[in-house]
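The file structure_11.txt comes next; it holds compact mmCIF, C-alpha atoms.
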```
# COMPACT_ATOMS: atom_id res chain seq x y z
CA MET A 1 102.09 80.83 118.38
CA SER A 2 103.33 84.14 117.03
CA ILE A 3 102.89 85.92 113.71
CA VAL A 4 105.69 87.91 112.10
CA THR A 5 104.53 90.76 109.88
CA VAL A 6 106.62 92.09 106.99
CA GLN A 7 105.55 95.59 105.90
CA LEU A 8 106.67 96.55 102.41
CA GLY A 9 106.58 99.87 100.62
CA GLN A 10 104.57 102.97 101.49
CA CYS A 11 101.18 101.26 101.62
CA GLY A 12 102.36 98.18 103.50
CA ASN A 13 104.07 100.26 106.18
CA GLN A 14 101.15 102.63 106.64
CA VAL A 15 98.54 99.87 106.84
CA GLY A 16 100.84 97.82 109.08
CA GLN A 17 101.24 100.67 111.57
CA GLU A 18 97.47 101.14 111.72
CA LEU A 19 97.01 97.38 112.17
CA PHE A 20 99.30 97.18 115.19
CA ASP A 21 97.64 100.26 116.65
CA VAL A 22 94.21 98.63 116.37
CA ILE A 23 95.44 95.32 117.77
CA CYS A 24 97.22 96.90 120.74
CA LYS A 25 94.24 99.09 121.60
CA ASP A 26 91.87 96.14 121.31
CA ALA A 27 94.08 93.90 123.44
CA CYS A 28 94.74 96.42 126.21
CA ASP A 29 91.42 98.24 126.65
CA GLY A 30 89.99 96.36 129.63
CA GLN A 31 89.39 93.12 127.78
CA LYS A 32 89.45 89.68 129.35
CA ARG A 33 92.93 88.63 130.48
CA GLY A 34 93.12 85.45 128.39
CA TYR A 35 92.17 87.33 125.22
CA SER A 36 94.66 90.11 125.93
CA ASP A 37 97.49 87.69 126.68
CA ALA A 38 96.80 85.68 123.52
CA SER A 39 96.74 88.82 121.37
CA THR A 40 99.91 90.41 122.73
CA ALA A 41 101.85 87.13 122.55
CA ARG A 42 100.74 86.69 118.94
CA PHE A 43 101.78 90.14 117.70
CA PHE A 44 104.22 91.60 120.24
CA HIS A 45 107.15 90.71 122.46
CA GLU A 46 108.08 92.49 125.66
CA THR A 47 111.39 94.23 126.20
CA THR A 48 113.27 94.05 129.50
CA THR A 49 111.57 97.31 130.48
CA GLY A 50 108.10 95.88 129.79
CA ASP A 51 107.46 97.78 126.55
CA LEU A 52 105.41 96.07 123.85
CA THR A 53 107.41 95.76 120.65
CA SER A 54 105.74 94.56 117.46
CA ARG A 55 106.84 91.38 115.74
CA ALA A 56 107.32 93.30 112.53
CA VAL A 57 109.90 94.07 109.87
CA LEU A 58 109.61 97.34 107.94
CA ILE A 59 111.07 97.51 104.41
CA ASP A 60 111.04 100.39 101.96
CA MET A 61 113.53 101.78 99.48
CA GLU A 62 112.95 105.29 100.85
CA PRO A 63 113.16 106.14 104.60
CA LYS A 64 110.39 108.73 104.96
CA VAL A 65 107.38 106.44 105.49
CA ILE A 66 109.27 104.06 107.79
CA ASN A 67 110.48 106.94 109.94
CA HIS A 68 106.95 108.31 110.17
CA SER A 69 105.47 104.91 111.06
CA MET A 70 108.06 104.29 113.79
CA SER A 71 107.58 107.77 115.23
CA LYS A 72 103.80 107.43 115.24
CA ALA A 73 103.99 104.06 116.99
CA ALA A 74 106.33 105.40 119.68
CA LYS A 75 104.09 108.43 120.29
CA SER A 76 101.10 106.16 120.94
CA GLY A 77 102.62 105.25 124.31
CA ARG A 78 101.22 101.73 123.96
CA TRP A 79 103.70 99.99 121.70
CA ARG A 80 106.63 100.59 119.38
CA TYR A 81 108.62 99.03 116.56
CA GLY A 82 112.00 97.47 117.25
CA GLU A 83 114.85 99.94 116.87
CA LYS A 84 116.67 97.62 114.45
CA SER A 85 113.68 96.06 112.70
CA HIS A 86 113.68 98.23 109.60
CA PHE A 87 115.52 98.51 106.29
CA SER A 88 115.50 101.41 103.86
CA GLN A 89 117.59 103.03 101.16
CA LYS A 90 117.78 106.52 99.68
CA GLN A 91 116.24 105.73 96.29
CA GLY A 92 112.84 104.16 95.59
CA SER A 93 111.80 101.71 92.90
CA GLY A 94 110.17 104.29 90.64
CA ASN A 95 106.78 102.53 90.58
CA ASN A 96 108.45 99.78 88.58
CA TRP A 97 107.92 96.15 89.58
CA ALA A 98 111.00 95.04 87.63
CA ASN A 99 113.23 97.52 89.45
CA GLY A 100 112.05 96.24 92.80
CA TYR A 101 112.07 92.54 91.92
CA CYS A 102 115.20 92.34 89.77
CA VAL A 103 117.40 95.06 91.29
CA HIS A 104 116.56 96.15 94.83
CA GLY A 105 115.39 92.74 96.03
CA PRO A 106 118.49 90.70 95.07
CA ARG A 107 120.84 93.54 96.03
CA HIS A 108 119.54 93.71 99.61
CA ARG A 109 118.43 90.12 100.14
CA GLU A 110 120.89 89.31 102.91
CA ALA A 111 119.98 92.37 105.00
CA MET A 112 116.23 91.81 104.62
CA GLU A 113 116.44 88.09 105.39
CA ASP A 114 118.50 88.84 108.49
CA LEU A 115 115.83 91.18 109.85
CA VAL A 116 113.11 88.55 109.36
CA ARG A 117 115.31 85.83 110.88
CA ARG A 118 115.84 87.88 114.03
CA GLU A 119 112.09 88.39 114.45
CA VAL A 120 111.41 84.70 113.87
CA GLU A 121 114.02 83.74 116.47
CA ARG A 122 112.18 85.86 119.06
CA CYS A 123 109.09 83.66 118.64
CA ASP A 124 108.65 80.63 120.88
CA ARG A 125 106.73 79.08 118.00
CA LEU A 126 106.11 80.63 114.59
CA ALA A 127 102.54 80.48 113.30
CA GLY A 128 103.52 82.06 110.01
CA VAL A 129 104.30 85.30 108.20
CA VAL A 130 101.94 88.00 106.98
CA THR A 131 103.35 90.25 104.25
CA MET A 132 101.60 93.56 103.61
CA MET A 133 101.98 95.48 100.36
CA SER A 134 100.29 97.35 97.56
CA VAL A 135 100.30 95.92 94.05
CA ALA A 136 100.45 99.32 92.32
CA GLY A 137 103.93 100.69 92.99
CA GLY A 138 107.46 99.35 92.68
CA THR A 139 108.76 98.55 96.18
CA GLY A 140 105.61 97.04 97.66
CA SER A 141 104.89 94.96 94.59
CA GLY A 142 108.38 94.19 93.24
CA VAL A 143 110.44 93.95 96.42
CA GLY A 144 107.41 92.45 98.17
CA THR A 145 107.22 89.65 95.62
CA TYR A 146 110.96 89.02 95.90
CA VAL A 147 110.80 88.94 99.71
CA THR A 148 107.88 86.50 99.58
CA GLN A 149 109.94 84.28 97.28
CA CYS A 150 112.81 84.35 99.78
CA LEU A 151 110.47 83.60 102.69
CA ARG A 152 109.16 80.54 100.86
CA GLU A 153 112.72 79.31 100.32
CA VAL A 154 113.90 79.95 103.89
CA TYR A 155 110.70 78.88 105.69
CA PRO A 156 109.23 76.20 103.40
CA ASN A 157 106.98 74.73 106.10
CA SER A 158 105.58 78.00 107.46
CA PHE A 159 102.31 79.56 106.39
CA ILE A 160 102.57 82.72 104.30
CA LEU A 161 99.57 85.02 103.98
CA ASN A 162 99.97 87.92 101.55
CA HIS A 163 97.80 90.94 102.28
CA LEU A 164 97.42 93.02 99.11
CA THR A 165 95.92 96.46 98.66
CA TRP A 166 94.54 96.90 95.15
CA PRO A 167 94.73 100.43 93.72
CA TYR A 168 91.83 102.62 92.72
CA ASP A 169 90.39 101.51 89.40
CA SER A 170 90.60 105.07 88.12
CA GLY A 171 94.37 104.80 88.35
CA GLU A 172 97.06 105.75 90.86
CA VAL A 173 100.08 104.87 88.70
CA ILE A 174 100.09 104.62 84.88
CA VAL A 175 101.71 101.15 84.99
CA GLN A 176 99.74 99.85 87.99
CA ASN A 177 98.10 97.10 85.95
CA TYR A 178 101.47 95.78 84.78
CA ASN A 179 102.71 95.80 88.38
CA SER A 180 99.53 94.10 89.57
CA VAL A 181 99.68 91.34 86.94
CA LEU A 182 103.33 90.59 87.65
CA THR A 183 102.82 90.63 91.42
CA LEU A 184 99.72 88.47 91.56
CA SER A 185 100.94 85.89 89.06
CA HIS A 186 104.17 85.35 91.00
CA LEU A 187 102.55 85.33 94.44
CA TYR A 188 100.04 82.71 93.33
CA GLY A 189 102.81 80.14 93.27
CA LEU A 190 104.40 81.30 96.53
CA SER A 191 101.64 82.14 99.00
CA ASP A 192 99.30 79.88 100.91
CA ALA A 193 96.56 82.50 100.56
CA ILE A 194 96.18 86.06 99.26
CA LEU A 195 93.86 88.41 101.16
CA VAL A 196 92.80 91.43 99.10
CA HIS A 197 91.42 94.84 100.00
CA GLU A 198 90.23 97.11 97.18
CA ASN A 199 90.77 100.84 97.66
CA ASP A 200 87.56 101.64 95.77
CA THR A 201 85.46 99.54 98.15
CA VAL A 202 87.11 100.90 101.29
CA HIS A 203 86.72 104.47 100.00
CA ARG A 204 82.95 103.90 99.61
CA ILE A 205 82.77 102.55 103.16
CA CYS A 206 84.45 105.71 104.43
CA ALA A 207 82.10 107.96 102.47
CA GLN A 208 78.75 106.18 102.72
CA LEU A 209 78.88 104.29 106.01
CA LEU A 210 81.31 106.25 108.17
CA ASN A 211 80.26 109.66 106.81
CA ILE A 212 83.82 110.93 106.43
CA LYS A 213 83.70 114.14 104.40
CA HIS A 214 87.31 114.55 103.31
CA ILE A 215 88.71 111.05 102.94
CA SER A 216 92.46 110.63 103.34
CA PHE A 217 94.70 107.60 102.83
CA GLY A 218 94.85 107.45 106.62
CA ASP A 219 91.08 106.94 106.77
CA VAL A 220 91.27 104.19 104.14
CA ASN A 221 94.16 102.50 105.93
CA ARG A 222 92.32 102.52 109.27
CA VAL A 223 89.29 100.76 107.78
CA ILE A 224 91.58 98.14 106.22
CA ALA A 225 93.40 97.70 109.54
CA HIS A 226 90.16 97.22 111.49
CA GLN A 227 88.92 94.58 109.05
CA LEU A 228 92.24 92.78 109.05
CA ALA A 229 92.48 92.86 112.84
CA SER A 230 88.98 91.39 113.11
CA VAL A 231 90.34 88.38 111.20
CA LEU A 232 93.68 88.02 112.99
CA GLN A 233 92.72 88.73 116.60
CA PRO A 234 92.19 85.67 118.88
CA ALA A 235 89.03 83.63 118.48
CA LEU A 236 87.75 80.23 119.53
CA THR A 237 87.95 77.87 116.58
CA THR A 238 86.76 74.36 115.91
CA ASP A 239 90.18 72.98 116.74
CA SER A 240 91.02 75.20 119.74
CA TYR A 241 88.99 73.21 122.30
CA GLY A 242 88.00 76.13 124.50
CA ASP A 243 91.27 78.04 124.22
CA TYR A 244 92.09 80.79 121.78
CA SER A 245 93.56 79.36 118.59
CA ARG A 246 97.29 78.78 118.73
CA ASN A 247 97.68 78.39 114.98
CA PRO A 248 95.56 81.17 113.42
CA LEU A 249 97.18 81.30 109.99
CA GLY A 250 97.20 77.51 109.66
CA GLU A 251 93.52 77.25 110.53
CA LEU A 252 92.61 80.16 108.25
CA VAL A 253 94.45 78.64 105.29
CA SER A 254 93.11 75.13 105.87
CA SER A 255 89.57 76.51 106.14
CA LEU A 256 89.64 78.68 103.05
CA ALA A 257 92.41 77.73 100.61
CA CYS A 258 92.08 74.00 100.25
CA HIS A 259 92.86 73.94 96.51
CA PRO A 260 95.95 75.50 94.83
CA GLU A 261 93.86 77.01 92.03
CA TYR A 262 91.83 79.07 94.51
CA LYS A 263 93.82 81.38 96.78
CA LEU A 264 92.05 84.75 96.53
CA LEU A 265 90.32 85.85 99.73
CA SER A 266 88.09 88.86 100.31
CA VAL A 267 86.82 90.22 103.61
CA CYS A 268 83.75 92.19 104.63
CA GLY A 269 82.29 93.03 108.00
CA ILE A 270 79.25 94.47 109.72
CA PRO A 271 78.27 96.69 111.36
CA GLN A 272 80.20 99.71 110.13
CA VAL A 273 78.66 102.82 111.60
CA ALA A 274 79.82 106.41 112.04
CA SER A 275 80.83 107.14 115.63
CA SER A 276 78.13 109.83 115.83
CA SER A 277 75.47 107.16 115.19
CA MET A 278 76.75 104.50 117.60
CA ALA A 279 74.56 105.62 120.52
CA TYR A 280 71.43 105.15 118.40
CA SER A 281 72.32 101.78 116.88
CA VAL A 282 71.12 98.40 118.10
CA PHE A 283 72.27 95.13 116.56
CA SER A 284 71.03 91.54 116.83
CA TRP A 285 72.76 88.38 115.63
CA PRO A 286 69.88 87.29 113.35
CA GLY A 287 69.79 90.70 111.69
CA LEU A 288 73.55 90.95 111.24
CA LEU A 289 73.87 87.46 109.81
CA LYS A 290 70.89 87.89 107.47
CA HIS A 291 72.49 91.00 105.98
CA LEU A 292 75.95 89.45 105.79
CA ARG A 293 74.66 86.35 103.98
CA GLN A 294 72.91 88.50 101.38
CA MET A 295 76.06 90.60 100.96
CA LEU A 296 77.91 87.36 100.21
CA ILE A 297 75.54 85.89 97.64
CA SER A 298 74.90 89.22 95.87
CA ASN A 299 78.59 90.22 95.94
CA THR A 300 77.77 93.47 97.75
CA LYS A 301 80.87 94.86 99.43
CA MET A 302 79.06 96.81 102.17
CA GLU A 303 75.75 96.82 103.98
CA GLU A 304 74.32 99.82 102.16
CA GLY A 305 72.89 98.94 98.75
CA ILE A 306 72.41 95.20 99.24
CA ASP A 307 70.63 93.60 96.28
CA TRP A 308 67.90 91.51 97.92
CA GLN A 309 66.69 90.19 94.57
CA VAL A 310 69.67 87.83 94.15
CA ARG A 311 68.92 84.29 95.27
CA ALA A 312 71.01 81.16 95.53
CA PRO A 313 70.18 78.67 92.74
CA PRO A 314 68.87 75.17 93.47
CA VAL A 315 71.51 72.84 94.88
CA HIS A 316 71.54 70.49 91.90
CA CYS A 317 71.02 72.98 89.09
CA GLY A 318 72.05 72.24 85.54
CA GLY A 319 74.33 74.22 83.29
CA ALA A 320 71.62 76.61 82.06
CA GLU A 321 70.43 77.40 85.59
CA TRP A 322 73.99 77.90 86.79
CA ALA A 323 74.75 80.25 83.89
CA HIS A 324 71.57 82.22 84.64
CA SER A 325 72.48 82.60 88.31
CA PHE A 326 75.96 83.81 87.35
CA ARG A 327 74.54 86.40 84.93
CA THR A 328 72.06 87.67 87.54
CA GLY A 329 74.81 88.35 90.06
CA PHE A 330 74.95 85.25 92.26
CA ASN A 331 78.36 84.93 93.89
CA ARG A 332 79.45 81.28 94.18
CA SER A 333 81.77 80.35 97.06
CA LEU A 334 84.43 77.74 97.43
CA ALA A 335 84.75 78.31 101.19
CA ASN A 336 83.73 80.84 103.82
CA LEU A 337 84.99 81.67 107.30
CA LEU A 338 82.59 83.53 109.60
CA ILE A 339 84.09 85.26 112.65
CA LEU A 340 81.66 86.48 115.32
CA ARG A 341 82.68 88.71 118.24
CA GLY A 342 80.75 90.15 121.14
CA LYS A 343 77.81 89.71 123.47
CA ASP A 344 75.79 86.47 123.39
CA VAL A 345 78.03 85.16 120.62
CA PHE A 346 77.45 81.52 121.53
CA SER A 347 73.72 81.88 120.89
CA ALA A 348 74.28 83.07 117.32
CA GLU A 349 73.05 80.64 114.64
CA ALA A 350 74.68 80.66 111.21
CA ASP A 351 72.62 77.99 109.41
CA GLY A 352 72.21 80.24 106.38
CA PHE A 353 75.93 80.01 105.65
CA GLN A 354 75.81 76.21 105.66
CA ASP A 355 73.41 76.09 102.71
CA ALA A 356 74.85 73.76 100.07
CA ALA A 357 73.51 76.07 97.34
CA LEU A 358 76.18 78.65 98.24
CA TYR A 359 79.07 76.33 97.49
CA THR A 360 80.71 74.34 94.75
CA SER A 361 79.28 70.87 94.22
CA TRP A 362 82.57 69.10 94.90
CA LEU A 363 83.05 70.38 98.48
CA PRO A 364 80.48 69.51 101.18
CA PRO A 365 79.19 72.49 103.23
CA ARG A 366 80.62 71.02 106.44
CA GLU A 367 84.09 71.35 104.88
CA ALA A 368 83.40 74.59 103.00
CA PHE A 369 82.11 76.58 105.98
CA SER A 370 83.91 77.37 109.23
CA MET A 371 82.98 79.60 112.14
CA TRP A 372 85.12 81.22 114.84
CA LYS A 373 83.73 83.00 117.89
CA SER A 374 84.92 85.28 120.66
CA PRO A 375 82.78 86.67 123.51
CA VAL A 376 85.00 89.77 123.58
CA SER A 377 83.58 92.77 121.73
CA PHE A 378 85.66 94.35 118.98
CA ASN A 379 86.03 97.93 117.75
CA GLN A 380 83.44 99.35 120.18
CA TYR A 381 80.66 97.25 118.66
CA GLU A 382 78.65 95.14 121.11
CA LYS A 383 78.25 92.56 118.34
CA SER A 384 80.20 92.30 115.07
CA ALA A 385 80.61 89.77 112.26
CA THR A 386 83.42 89.39 109.74
CA LEU A 387 83.27 87.14 106.68
CA VAL A 388 86.42 85.97 104.93
CA SER A 389 85.40 84.44 101.61
CA ASN A 390 87.08 82.42 98.89
CA SER A 391 84.53 83.09 96.19
CA GLN A 392 83.96 84.82 92.87
CA THR A 393 84.00 88.22 94.60
CA LEU A 394 87.33 89.29 93.10
CA LEU A 395 86.68 87.85 89.64
CA LYS A 396 85.48 91.09 88.02
CA PRO A 397 88.26 93.39 89.33
CA LEU A 398 90.87 90.75 88.46
CA ASP A 399 89.50 90.38 84.93
CA ASN A 400 89.45 94.18 84.48
CA MET A 401 93.03 94.49 85.67
CA VAL A 402 94.31 91.76 83.35
CA ARG A 403 92.36 93.20 80.40
CA LYS A 404 93.80 96.70 80.89
CA ALA A 405 97.32 95.33 81.28
CA TRP A 406 96.95 93.23 78.14
CA ASN A 407 95.72 96.20 76.09
CA MET A 408 98.82 98.15 77.15
CA PHE A 409 101.07 95.18 76.43
CA ALA A 410 99.54 94.65 72.98
CA SER A 411 100.41 98.25 72.10
CA ARG A 412 103.86 97.76 73.66
CA ALA A 413 103.35 100.68 76.02
CA TYR A 414 106.12 101.10 78.62
CA ILE A 415 107.53 97.62 77.96
CA HIS A 416 111.03 99.05 77.68
CA GLN A 417 110.79 100.32 81.26
CA TYR A 418 110.63 96.70 82.40
CA THR A 419 112.95 94.98 79.96
CA LYS A 420 115.82 97.29 80.88
CA PHE A 421 115.75 95.81 84.40
CA GLY A 422 115.71 92.21 83.21
CA ILE A 423 112.02 91.32 82.69
CA ALA A 424 111.56 89.75 79.25
CA GLU A 425 108.38 89.93 77.21
CA GLU A 426 108.03 86.17 77.79
CA ASP A 427 107.74 86.92 81.52
CA PHE A 428 104.75 89.12 80.80
CA LEU A 429 103.18 86.42 78.66
CA ASP A 430 103.72 83.81 81.40
CA SER A 431 102.05 86.12 83.91
CA PHE A 432 99.06 86.72 81.65
CA THR A 433 98.71 82.96 81.07
CA SER A 434 98.86 82.27 84.80
CA LEU A 435 96.15 84.78 85.67
CA GLU A 436 93.92 83.76 82.77
CA GLN A 437 93.95 80.29 84.31
CA VAL A 438 92.94 81.77 87.69
CA ILE A 439 90.12 83.72 86.02
CA SER A 440 88.94 80.59 84.20
CA SER A 441 88.96 78.54 87.41
CA TYR A 442 86.87 81.06 89.35
CA THR A 443 84.51 81.66 86.43
CA GLN A 444 83.75 77.93 86.20
CA LEU A 445 83.33 77.50 89.97
CA CYS A 446 80.12 75.54 90.24
```

Please, can you express the file's structure as structure tokens?
Amino acid sequence: MSIVTVQLGQCGNQVGQELFDVICKDACDGQKRGYSDASTARFFHETTTGDLTSRAVLIDMEPKVINHSMSKAAKSGRWRYGEKSHFSQKQGSGNNWANGYCVHGPRHREAMEDLVRREVERCDRLAGVVTMMSVAGGTGSGVGTYVTQCLREVYPNSFILNHLTWPYDSGEVIVQNYNSVLTLSHLYGLSDAILVHENDTVHRICAQLLNIKHISFGDVNRVIAHQLASVLQPALTTDSYGDYSRNPLGELVSSLACHPEYKLLSVCGIPQVASSSMAYSVFSWPGLLKHLRQMLISNTKMEEGIDWQVRAPPVHCGGAEWAHSFRTGFNRSLANLLILRGKDVFSAEADGFQDAALYTSWLPPREAFSMWKSPVSFNQYEKSATLVSNSQTLLKPLDNMVRKAWNMFASRAYIHQYTKFGIAEEDFLDSFTSLEQVISSYTQLC
């Protein structure tokens, strides 16, 4: 089954191009034939001349980034975008969610839907759609939300996974918190799951683990693309019966987003080592999984700086014990998906992730924890592990974003920039109410 990717705005198109580059390189670099065939069929289709063309639609309200992404893909010599798979205009959305959602989206709906329809019709069977966007600007967030709404209407039975890039906390755009609140509150009712990467976290990975001295957006996007590819590339799942999963998005959603109140997914992976250190690094499954489990329960986003003092509370703890564990940094999970790739993968034991103390009391560990495996190494690592988690990981950044947006709204800052495009103050209030409910649900996860 194939996945259609919709890249929206500057961030979505840049991350999307890096993602297809990683996937194509991983699929074609001397890997096992079955793995390669499954990967290319999932993300590409072949032209009559044998060229690999991505199953992707590129959308932006300005042409510059799309043109650059298409040129960069063609120059790789491995794959390219379809010549008629993109849509752009001459004027952007001005970092305004309302402009993208209320103006550009409806105005160009027919053209954008037609591009997606043509990609879907090229699939023998559609596994689902992955939309990629930032929540900070206007096109990615506003048009991206509108496109997701259209996808839900046109493909009501298909899985939709939104991949969101959250902006730096220090601020990229003055109204980024407004845009983020409006985007996330709308997507919560449209998506099957929302996978989030935080720029601040990825930036630290680049600086502290990969030893990159002068970090560019390209460096950040490549790290995001590698982590996302480690989730989406073929793996053997519980339901695949010895073959690579034919329904990756369906199995991911059913494993992690079993309740409509809980749709926020985070991802972390190990190892992440600078290329100059690879020759001196040795990894074992017990060591990797021990570190990854502690990263999960202590809500540590990368291997460096793990807090080993955080412990899971007793399985049947009372309210006081639960509150204490929350205050001391314990990260409660609703569900986790562990993806292991590389040498001796079938000997790896993940009992530590099946501990009932990690999960909510109303979901048994056998239903809360899933594991996928592939004997094919990924990203030059002999062994690697990726954890996709539906947990309290994103609670703090979400709460901070809503709080900052509310403080601006209470002082009526920039409200007129949104109301002039058709967003009423009641729409803001509905969005705040929606996300406060999400925050409350994750806070009380026990």

*asked:* Using only C-alpha atoms for the distances, tell me which of A:Cys11, A:Met295, A:Val388, A:Ile3 is nearest to Ser134 of chain A.
replied: A:Cys11

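Using only C-alpha atoms for every distance, the candidate list A:Pro234, A:Gly94, A:Gly422, A:Gly242 yields A:Pro234 as the residue closest to Ser377 of chain A.
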
*Counting all atoms listed in the file, figure out which residue out of A:Asn390, A:Asn179, A:Pro106, A:Ile174 gets nearest to Pro260 of chain A.*
A:Asn390

*Could you pull the residues within 12 Å of Leu398 of chain A, counting all atoms listed in the file, minus those fewer than 2 positions along the same chain, as a PyMOL selection string?*
chain A and resi 166-167+169+177+180-181+184-185+196+198+264+392-396+400-405+432+435-440+442-443

*Could you check how far atom CA of Phe378 of chain A sits from atom CA of Pro248 of chain A, in Å to one decimal?*
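Taking atom CA of Phe378 of chain A as the start and atom CA of Pro248 of chain A as the end point, the length is 17.4 Å.
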
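Counting only C-alpha atoms, Arg332 of chain A has the following residues at most 6 Å away, ignoring those fewer than 6 positions along the same chain: Leu358, Tyr359, Ser391 and Gln392 of chain A.
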
If you take only C-alpha atoms and a cut-off of 7 Å, which residues of segment 142-248 of chain A touch segment 13-36 of chain A, and what are their nearest atom pairs and distances in Å to one decimal, in chain and number order, as CSV?
```
residue,atom,partner,partner_atom,distance
A:Asn221,CA,A:Val15,CA,5.2
A:Arg222,CA,A:Glu18,CA,5.9
A:Ala225,CA,A:Leu19,CA,4.5
A:His226,CA,A:Val22,CA,6.5
A:Ala229,CA,A:Ile23,CA,6.3
A:Pro234,CA,A:Tyr35,CA,6.6
```

_Excluding Glu367 of chain A and its own-chain neighbours fewer than 6 positions away, which residues fall within 10 Å of it when counting all atoms listed in the file? Please give them as a ChimeraX atom specification._
/A:254-256,258,334-336,354

*Please provide the set of residues having any atom within 8 Å of Lys90 of chain A, restricted to all atoms listed in the file, with same-chain residues fewer than 6 positions apart removed, written as a list in words.*
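Skipping anything fewer than 6 positions along the chain leaves Met61, Glu62 and Pro63 of chain A.
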
*asked:* At a cut-off of 7 Å, using all atoms listed in the file, what residues contact Thr386 of chain A? Leave out same-chain residues fewer than 2 positions from it and give the result as JSON, numbers by chain.
replied: {"A": [230, 268, 269, 270, 338, 339, 340, 384, 388]}

*asked:* With distances taken over all atoms listed in the file, which residue among A:Asp430, A:Asp355, A:Glu303, A:Asp60 lies nearest Leu210 of chain A?
replied: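 Checking each of A:Asp430, A:Asp355, A:Glu303, A:Asp60 against Leu210 of chain A, counting all atoms listed in the file, the winner is A:Glu303.
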
*asked:* Quick check, in Å to one decimal: how far apart do atom CA of Arg341 of chain A and atom CA of Ala385 of chain A lie?
replied: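 Between these atoms lies a distance of 6.4 Å.
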
Enclosing box along x, y and z for every listed atom of segment 43-58 of chain A, padded 3 Å each side, centre and size in Å, one decimal, as JSON:
```
{"center_x": 107.5, "center_y": 94.0, "center_z": 119.2, "size_x": 17.5, "size_y": 13.6, "size_z": 28.5}
```

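Computed from the coordinates, the atom CA of Cys446 of chain A to atom CA of Ser333 of chain A distance equals 8.5 Å.
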
Identify the residues within 7 Å of coordinate (99.8, 104.0, 89.9) (same frame as the file), considering only C-alpha atoms, and give the answer as an mmCIF file with C-alpha atoms, in the frame of the given file.
```cif
data_model
loop_
_atom_site.group_PDB
_atom_site.id
_atom_site.type_symbol
_atom_site.label_atom_id
_atom_site.label_comp_id
_atom_site.auth_asym_id
_atom_site.auth_seq_id
_atom_site.Cartn_x
_atom_site.Cartn_y
_atom_site.Cartn_z
ATOM 1 C CA ALA A 136 100.450 99.320 92.320
ATOM 2 C CA GLY A 137 103.930 100.690 92.990
ATOM 3 C CA GLY A 171 94.370 104.800 88.350
ATOM 4 C CA GLU A 172 97.060 105.750 90.860
ATOM 5 C CA VAL A 173 100.080 104.870 88.700
ATOM 6 C CA ILE A 174 100.090 104.620 84.880
ATOM 7 C CA VAL A 175 101.710 101.150 84.990
ATOM 8 C CA GLN A 176 99.740 99.850 87.990
#
```

_Expected residue set, 10 Å radius at (80.9, 98.8, 106.2), all atoms listed in the file, as a list in words_ =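 Residues lying no farther than 10 Å from the given point: Thr201, Val202, Arg204, Ile205, Cys206, Ala207, Gln208, Leu209, Leu210, Val223, Gln227, Cys268, Gly269, Ile270, Pro271, Gln272, Val273, Ala274, Lys301, Met302, Glu303 and Glu304 of chain A.
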
*Of the residues A:Val220, A:Met278, A:Ile415, A:Ala356, which is the one nearest to Gln380 of chain A, using only C-alpha atoms?*
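Result for the nearest residue to Gln380 of chain A: A:Met278.
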
_Of the listed residues A:Ser347, A:Leu265, A:Met132, A:Leu182, that which approaches Ile194 of chain A most closely, counting all atoms listed in the file_ =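 Comparing A:Ser347, A:Leu265, A:Met132, A:Leu182 against Ile194 of chain A, the winner is A:Leu265.
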
Return segment 254-262 of chain A, completed with N, CA and C atoms, as a compact mmCIF listing (two decimals), in the coordinates of the input.
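What follows is the written file selection.txt:
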```txt
# COMPACT_ATOMS: atom_id res chain seq x y z
N SER A 254 93.74 76.44 106.05
CA SER A 254 93.11 75.13 105.87
C SER A 254 91.61 75.26 105.70
N SER A 255 91.02 76.30 106.27
CA SER A 255 89.57 76.51 106.14
C SER A 255 89.18 77.07 104.79
N LEU A 256 90.05 77.90 104.21
CA LEU A 256 89.64 78.68 103.05
C LEU A 256 90.37 78.37 101.75
N ALA A 257 91.61 77.93 101.82
CA ALA A 257 92.41 77.73 100.61
C ALA A 257 92.83 76.27 100.49
N CYS A 258 91.84 75.44 100.26
CA CYS A 258 92.08 74.00 100.25
C CYS A 258 92.52 73.48 98.88
N HIS A 259 92.52 74.35 97.86
CA HIS A 259 92.86 73.94 96.51
C HIS A 259 93.84 74.97 95.92
N PRO A 260 94.94 74.56 95.31
CA PRO A 260 95.95 75.50 94.83
C PRO A 260 95.49 76.44 93.72
N GLU A 261 94.38 76.12 93.07
CA GLU A 261 93.86 77.01 92.03
C GLU A 261 93.07 78.18 92.62
N TYR A 262 92.72 78.08 93.89
CA TYR A 262 91.83 79.07 94.51
C TYR A 262 92.49 79.62 95.77
```
